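Shown next: final_5.txt, given as compact mmCIF, C-alpha atoms.
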```txt
# COMPACT_ATOMS: atom_id res chain seq x y z
CA GLY A 561 19.24 178.79 152.27
CA ALA A 562 21.30 181.48 150.53
CA VAL A 563 20.18 180.81 146.99
CA VAL A 564 21.14 183.08 144.11
CA SER A 565 19.40 182.89 140.75
CA GLN A 566 20.23 184.37 137.37
CA HIS A 567 18.08 185.04 134.36
CA PRO A 568 18.35 184.19 131.58
CA SER A 569 20.54 181.09 131.77
CA TRP A 570 21.61 181.65 128.19
CA VAL A 571 21.06 184.30 125.54
CA ILE A 572 22.02 184.75 121.91
CA CYS A 573 21.91 188.22 120.42
CA LYS A 574 23.01 190.12 117.34
CA SER A 575 25.99 192.39 117.39
CA GLY A 576 25.08 195.93 118.40
CA THR A 577 22.13 195.03 120.59
CA SER A 578 21.95 195.31 124.38
CA VAL A 579 21.37 192.43 126.74
CA LYS A 580 20.21 192.56 130.36
CA ILE A 581 21.11 189.85 132.87
CA GLU A 582 19.39 189.63 136.25
CA CYS A 583 20.85 188.38 139.50
CA ARG A 584 18.50 187.73 142.42
CA SER A 585 19.06 186.67 146.01
CA LEU A 586 16.02 184.49 146.64
CA ASP A 587 15.98 184.02 150.39
CA PHE A 588 18.17 186.79 151.74
CA GLN A 589 18.95 190.43 151.19
CA ALA A 590 22.18 191.64 149.70
CA THR A 591 23.36 195.23 149.78
CA THR A 592 26.31 194.15 147.68
CA MET A 593 26.57 191.74 144.78
CA PHE A 594 29.49 190.87 142.53
CA TRP A 595 29.65 190.30 138.80
CA TYR A 596 32.24 188.00 137.23
CA ARG A 597 32.96 186.88 133.72
CA GLN A 598 34.58 183.65 132.70
CA PHE A 599 36.08 182.80 129.32
CA PRO A 600 36.30 179.16 128.21
CA LYS A 601 38.71 177.13 130.30
CA GLN A 602 39.68 180.17 132.32
CA SER A 603 38.98 181.27 135.85
CA LEU A 604 36.53 183.87 137.08
CA MET A 605 37.51 187.48 136.72
CA LEU A 606 35.76 190.07 138.85
CA MET A 607 34.16 192.80 136.75
CA ALA A 608 32.43 195.00 139.29
CA THR A 609 30.86 195.33 142.69
CA SER A 610 27.18 196.21 142.64
CA ASN A 611 26.04 198.41 145.52
CA GLU A 612 22.39 198.81 146.44
CA GLY A 613 21.29 202.40 146.10
CA SER A 614 24.60 203.70 144.82
CA LYS A 615 26.99 203.42 141.92
CA ALA A 616 28.78 200.22 141.11
CA THR A 617 32.52 199.93 141.57
CA TYR A 618 34.32 198.66 138.49
CA GLU A 619 37.58 196.76 138.34
CA GLN A 620 40.45 198.18 136.37
CA GLY A 621 40.01 197.69 132.64
CA VAL A 622 36.24 197.16 132.75
CA GLU A 623 34.28 199.78 130.79
CA LYS A 624 31.49 201.10 132.99
CA ASP A 625 29.60 202.55 130.02
CA LYS A 626 29.58 199.18 128.33
CA PHE A 627 28.64 197.11 131.34
CA LEU A 628 25.87 198.99 133.10
CA ILE A 629 25.03 197.78 136.58
CA ASN A 630 21.89 198.66 138.50
CA HIS A 631 21.22 197.47 142.04
CA ALA A 632 17.73 198.84 142.56
CA SER A 633 16.63 196.63 145.45
CA LEU A 634 18.10 194.48 148.18
CA THR A 635 17.43 191.33 146.17
CA LEU A 636 18.12 192.33 142.58
CA SER A 637 21.13 193.47 140.59
CA THR A 638 21.16 193.76 136.81
CA LEU A 639 24.04 193.79 134.36
CA THR A 640 23.35 195.27 130.94
CA VAL A 641 25.86 194.62 128.19
CA THR A 642 25.36 197.57 125.83
CA SER A 643 26.10 197.42 122.12
CA ALA A 644 27.31 193.87 122.47
CA HIS A 645 30.04 192.53 120.19
CA PRO A 646 31.30 188.99 119.62
CA GLU A 647 34.21 189.57 122.00
CA ASP A 648 31.65 190.08 124.79
CA SER A 649 30.57 186.47 124.40
CA SER A 650 31.32 184.87 127.74
CA PHE A 651 29.87 183.23 130.83
CA TYR A 652 28.67 185.83 133.33
CA ILE A 653 28.25 184.84 136.98
CA CYS A 654 27.01 186.86 139.92
CA SER A 655 27.46 186.30 143.62
CA ALA A 656 26.12 187.70 146.87
CA PRO A 657 27.40 187.41 150.42
CA SER A 658 25.38 185.75 153.16
CA ARG A 659 26.01 183.93 156.38
CA GLY A 660 26.33 180.27 155.46
CA THR A 661 26.13 177.17 157.59
CA SER A 662 29.69 177.85 158.69
CA GLY A 663 28.39 180.95 160.47
CA VAL A 664 30.72 183.09 158.43
CA ASN A 665 29.84 185.45 155.64
CA GLU A 666 30.64 183.73 152.38
CA GLN A 667 29.84 184.24 148.73
CA PHE A 668 26.96 182.37 147.12
CA PHE A 669 27.00 182.13 143.37
CA GLY A 670 24.32 182.15 140.75
CA PRO A 671 24.17 179.46 138.03
CA GLY A 672 25.60 181.79 135.42
CA THR A 673 24.42 183.23 132.11
CA ARG A 674 25.95 182.18 128.80
CA LEU A 675 26.02 185.12 126.39
CA THR A 676 26.71 184.54 122.72
CA VAL A 677 26.93 187.54 120.43
CA LEU A 678 26.65 186.79 116.73
CA LYS B 1458 48.15 192.25 144.26
CA GLN B 1459 47.01 188.80 145.30
CA GLU B 1460 47.71 186.01 142.83
CA VAL B 1461 46.27 182.54 143.20
CA THR B 1462 47.68 179.56 141.31
CA GLN B 1463 46.45 176.01 141.11
CA ILE B 1464 48.48 172.96 140.19
CA PRO B 1465 47.95 170.82 138.22
CA ALA B 1466 45.85 172.54 135.59
CA ALA B 1467 44.35 169.21 134.59
CA LEU B 1468 44.33 165.77 136.12
CA SER B 1469 42.98 162.39 135.04
CA VAL B 1470 42.78 159.52 137.50
CA PRO B 1471 41.10 156.11 137.57
CA GLU B 1472 38.10 155.63 139.79
CA GLY B 1473 38.93 154.82 143.40
CA GLU B 1474 42.18 156.73 143.60
CA ASN B 1475 42.88 159.32 146.27
CA LEU B 1476 44.08 162.65 144.90
CA VAL B 1477 45.36 166.04 145.99
CA LEU B 1478 44.73 169.39 144.35
CA ASN B 1479 47.01 172.29 145.18
CA CYS B 1480 46.36 176.01 145.58
CA SER B 1481 48.96 178.65 146.34
CA PHE B 1482 48.53 182.36 147.01
CA THR B 1483 51.07 185.17 147.16
CA ASP B 1484 49.63 187.35 149.94
CA SER B 1485 49.15 185.55 153.24
CA ALA B 1486 46.90 188.28 154.62
CA ILE B 1487 43.72 186.34 153.96
CA TYR B 1488 40.49 186.14 155.93
CA ASN B 1489 39.52 182.75 154.57
CA LEU B 1490 39.96 180.39 151.66
CA GLN B 1491 37.20 178.59 149.84
CA TRP B 1492 37.14 175.61 147.51
CA PHE B 1493 34.49 175.43 144.80
CA ARG B 1494 33.39 172.92 142.24
CA GLN B 1495 32.21 173.95 138.77
CA ASP B 1496 30.57 171.59 136.31
CA PRO B 1497 30.77 172.50 132.59
CA GLY B 1498 28.53 175.44 131.75
CA LYS B 1499 27.32 175.75 135.32
CA GLY B 1500 27.82 178.03 138.29
CA LEU B 1501 29.92 177.40 141.36
CA THR B 1502 29.15 175.06 144.22
CA SER B 1503 30.93 175.76 147.50
CA LEU B 1504 32.69 172.71 148.89
CA LEU B 1505 34.67 173.86 151.90
CA LEU B 1506 35.53 177.14 153.58
CA ILE B 1507 38.56 177.43 155.85
CA GLN B 1508 38.98 180.39 158.13
CA SER B 1509 42.51 181.84 158.42
CA SER B 1510 42.73 180.55 162.00
CA GLN B 1511 41.89 177.00 160.95
CA ARG B 1512 44.20 174.31 159.64
CA GLU B 1513 41.67 172.07 157.92
CA GLN B 1514 38.04 171.37 157.16
CA THR B 1515 36.38 168.09 156.24
CA SER B 1516 33.18 167.23 154.45
CA GLY B 1517 32.55 163.61 153.51
CA ARG B 1518 35.34 162.43 151.21
CA LEU B 1519 36.79 165.93 150.98
CA ASN B 1520 39.45 167.40 153.22
CA ALA B 1521 40.92 170.85 152.77
CA SER B 1522 44.01 172.08 154.57
CA LEU B 1523 45.43 175.55 154.93
CA ASP B 1524 48.97 176.72 155.67
CA LYS B 1525 48.57 180.45 155.66
CA SER B 1526 52.18 181.28 156.41
CA SER B 1527 53.43 179.41 153.37
CA GLY B 1528 50.52 180.50 151.20
CA ARG B 1529 49.22 177.04 150.41
CA SER B 1530 46.05 175.01 150.56
CA THR B 1531 45.31 171.48 149.44
CA LEU B 1532 42.07 169.71 148.64
CA TYR B 1533 42.20 165.99 149.25
CA ILE B 1534 39.58 163.81 147.59
CA ALA B 1535 39.37 160.26 148.86
CA ALA B 1536 38.16 157.30 146.82
CA SER B 1537 37.43 159.35 143.72
CA GLN B 1538 34.30 158.66 141.66
CA PRO B 1539 33.35 159.57 138.07
CA GLY B 1540 30.85 162.03 139.54
CA ASP B 1541 33.76 164.00 140.97
CA SER B 1542 34.76 165.01 137.45
CA ALA B 1543 34.59 168.81 137.33
CA THR B 1544 36.75 171.90 137.59
CA TYR B 1545 37.87 172.75 141.10
CA LEU B 1546 38.56 176.37 142.00
CA CYS B 1547 40.08 177.85 145.10
CA ALA B 1548 39.44 181.46 146.08
CA VAL B 1549 40.84 183.69 148.80
CA ARG B 1550 39.16 186.52 150.64
CA PRO B 1551 41.41 189.30 151.91
CA VAL B 1552 41.36 190.67 155.45
CA GLY B 1553 40.01 194.03 156.44
CA THR B 1554 37.48 194.53 153.69
CA GLY B 1555 34.21 194.01 155.52
CA THR B 1556 31.48 191.48 155.07
CA ALA B 1557 31.13 191.86 151.34
CA SER B 1558 34.62 191.08 150.24
CA LYS B 1559 35.88 190.41 146.77
CA LEU B 1560 37.31 186.98 146.11
CA THR B 1561 40.41 186.27 144.07
CA PHE B 1562 40.09 183.01 142.19
CA GLY B 1563 42.73 180.52 141.22
CA THR B 1564 43.26 179.23 137.74
CA GLY B 1565 41.38 175.98 138.41
CA THR B 1566 42.13 172.27 138.11
CA ARG B 1567 40.10 170.21 135.62
CA LEU B 1568 39.63 166.77 137.10
CA GLN B 1569 38.51 163.72 135.17
CA VAL B 1570 37.85 160.46 136.98
CA THR B 1571 37.72 157.53 134.61
CA LEU B 1572 36.00 154.18 135.00
```

Would it be possible to restate this file's structure as structure tokens?
Amino acid sequence: GAVVSQHPSWVICKSGTSVKIECRSLDFQATTMFWYRQFPKQSLMLMATSNEGSKATYEQGVEKDKFLINHASLTLSTLTVTSAHPEDSSFYICSAPSRGTSGVNEQFFGPGTRLTVL
Amino acid sequence: KQEVTQIPAALSVPEGENLVLNCSFTDSAIYNLQWFRQDPGKGLTSLLLIQSSQREQTSGRLNASLDKSSGRSTLYIAASQPGDSATYLCAVRPVGTGTASKLTFGTGTRLQVTL
């Protein structure tokens, strides 16, 4: 159980266009989801916390107008990279908390989305 | 602000060797610590989760220990195999932030197990 999916798994777009990435909890509900980005050979950096039915909470230094987050249902959060530029090229990963086999709430991660902006 | 560091950054060992990966964190006020595996271009797979009240957790050839007071955790991999080659990340969850807590990730250790 506790499976998180992402779509698409990879996307290539032209500079200036917008790209939407979906994160879904397949077998559980999540009122909160997290969005991370990861540059090559670096660790995950939290971008924002997605809250169902309310505004997302962004980490310091993350532009909320550039990275639009919508958490419209208990199983879906979307991240839209607006007016994408080459420096936005990265690996984007989402996660959602659920009670794992340990009996404790833990984060379950999606497979990630590779964004390349030309 | 919590900072998580992993040493070494990269490690190459021959198949069959036992190895230890290290994770250190600056703020000992953690709820739990989790070890993940990440294959190139892929998402994260959870390996072990240690609660702050626990000293260690084991799963197959993996053993993770936690010394909260000194801010350290180790991941021990026994009898390493080429299939263990991946990046290993540790992450800490702070106390007092509810069920949907943000994780702080370490810098990762890239492991290569050679034939």

At most 6 Å is the cut-off: for each residue in chain A with any atom that close to an atom of chain B, write down the nearest atom pair and the distance in Å rounded to one decimal, counting only C-alpha atoms, chain first then increasing number, as CSV.
```
residue,atom,partner,partner_atom,distance
A:Ser603,CA,B:Thr1564,CA,5.1
A:Pro657,CA,B:Ala1557,CA,5.9
A:Phe669,CA,B:Leu1501,CA,5.9
A:Gly670,CA,B:Gly1500,CA,5.9
A:Pro671,CA,B:Gly1500,CA,3.9
A:Gly672,CA,B:Gly1500,CA,5.2
```

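The gap separating CA of Asp1484 (chain B) from CA of Asp1496 (chain B) is 28.2 Å, in Å to one decimal.
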
**Study point:** Long-range neighbours of Glu582 (chain A) as a VMD selection string, 12 Å cut-off, all atoms listed in the file, 2 positions minimum in chain
**Key:** chain A and resid 564 to 570 579 to 580 584 to 585 593 to 595 628 to 633 635 to 641 652 to 655 670 to 673

Review point. Nearest to Tyr596 (chain A): which of A:Ser643, A:Ser650, A:Ser614, A:Thr676 is it, counting all atoms listed in the file?
Key: A:Ser650

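The space between CA of Arg1529 (chain B) and CA of Glu1472 (chain B) spans 26.4 Å.
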
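Once Ala1521 (chain B) and its same-chain neighbours fewer than 4 positions away are set aside, B:Leu1505, B:Ile1507, B:Glu1513, B:Gln1514, B:Thr1515, B:Ser1530, B:Thr1531, B:Leu1532, B:Tyr1533 remain within 8 Å of it when counting only C-alpha atoms.
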
Review point. A:Arg674, A:Leu604, A:Cys583, A:Val664: which is nearest Ser649 (chain A), counting all atoms listed in the file?
Key: A:Arg674

Exercise for review: Pick out the closest residue to Ser578 (chain A) from this set: A:Met605, A:Val622, A:Ala644, A:Val563. Count all atoms listed in the file.
Suggested key: A:Ala644

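For the atom pair formed by CA of Arg597 (chain A) and CA of Gly663 (chain A), the distance is 27.8 Å, given to one decimal.
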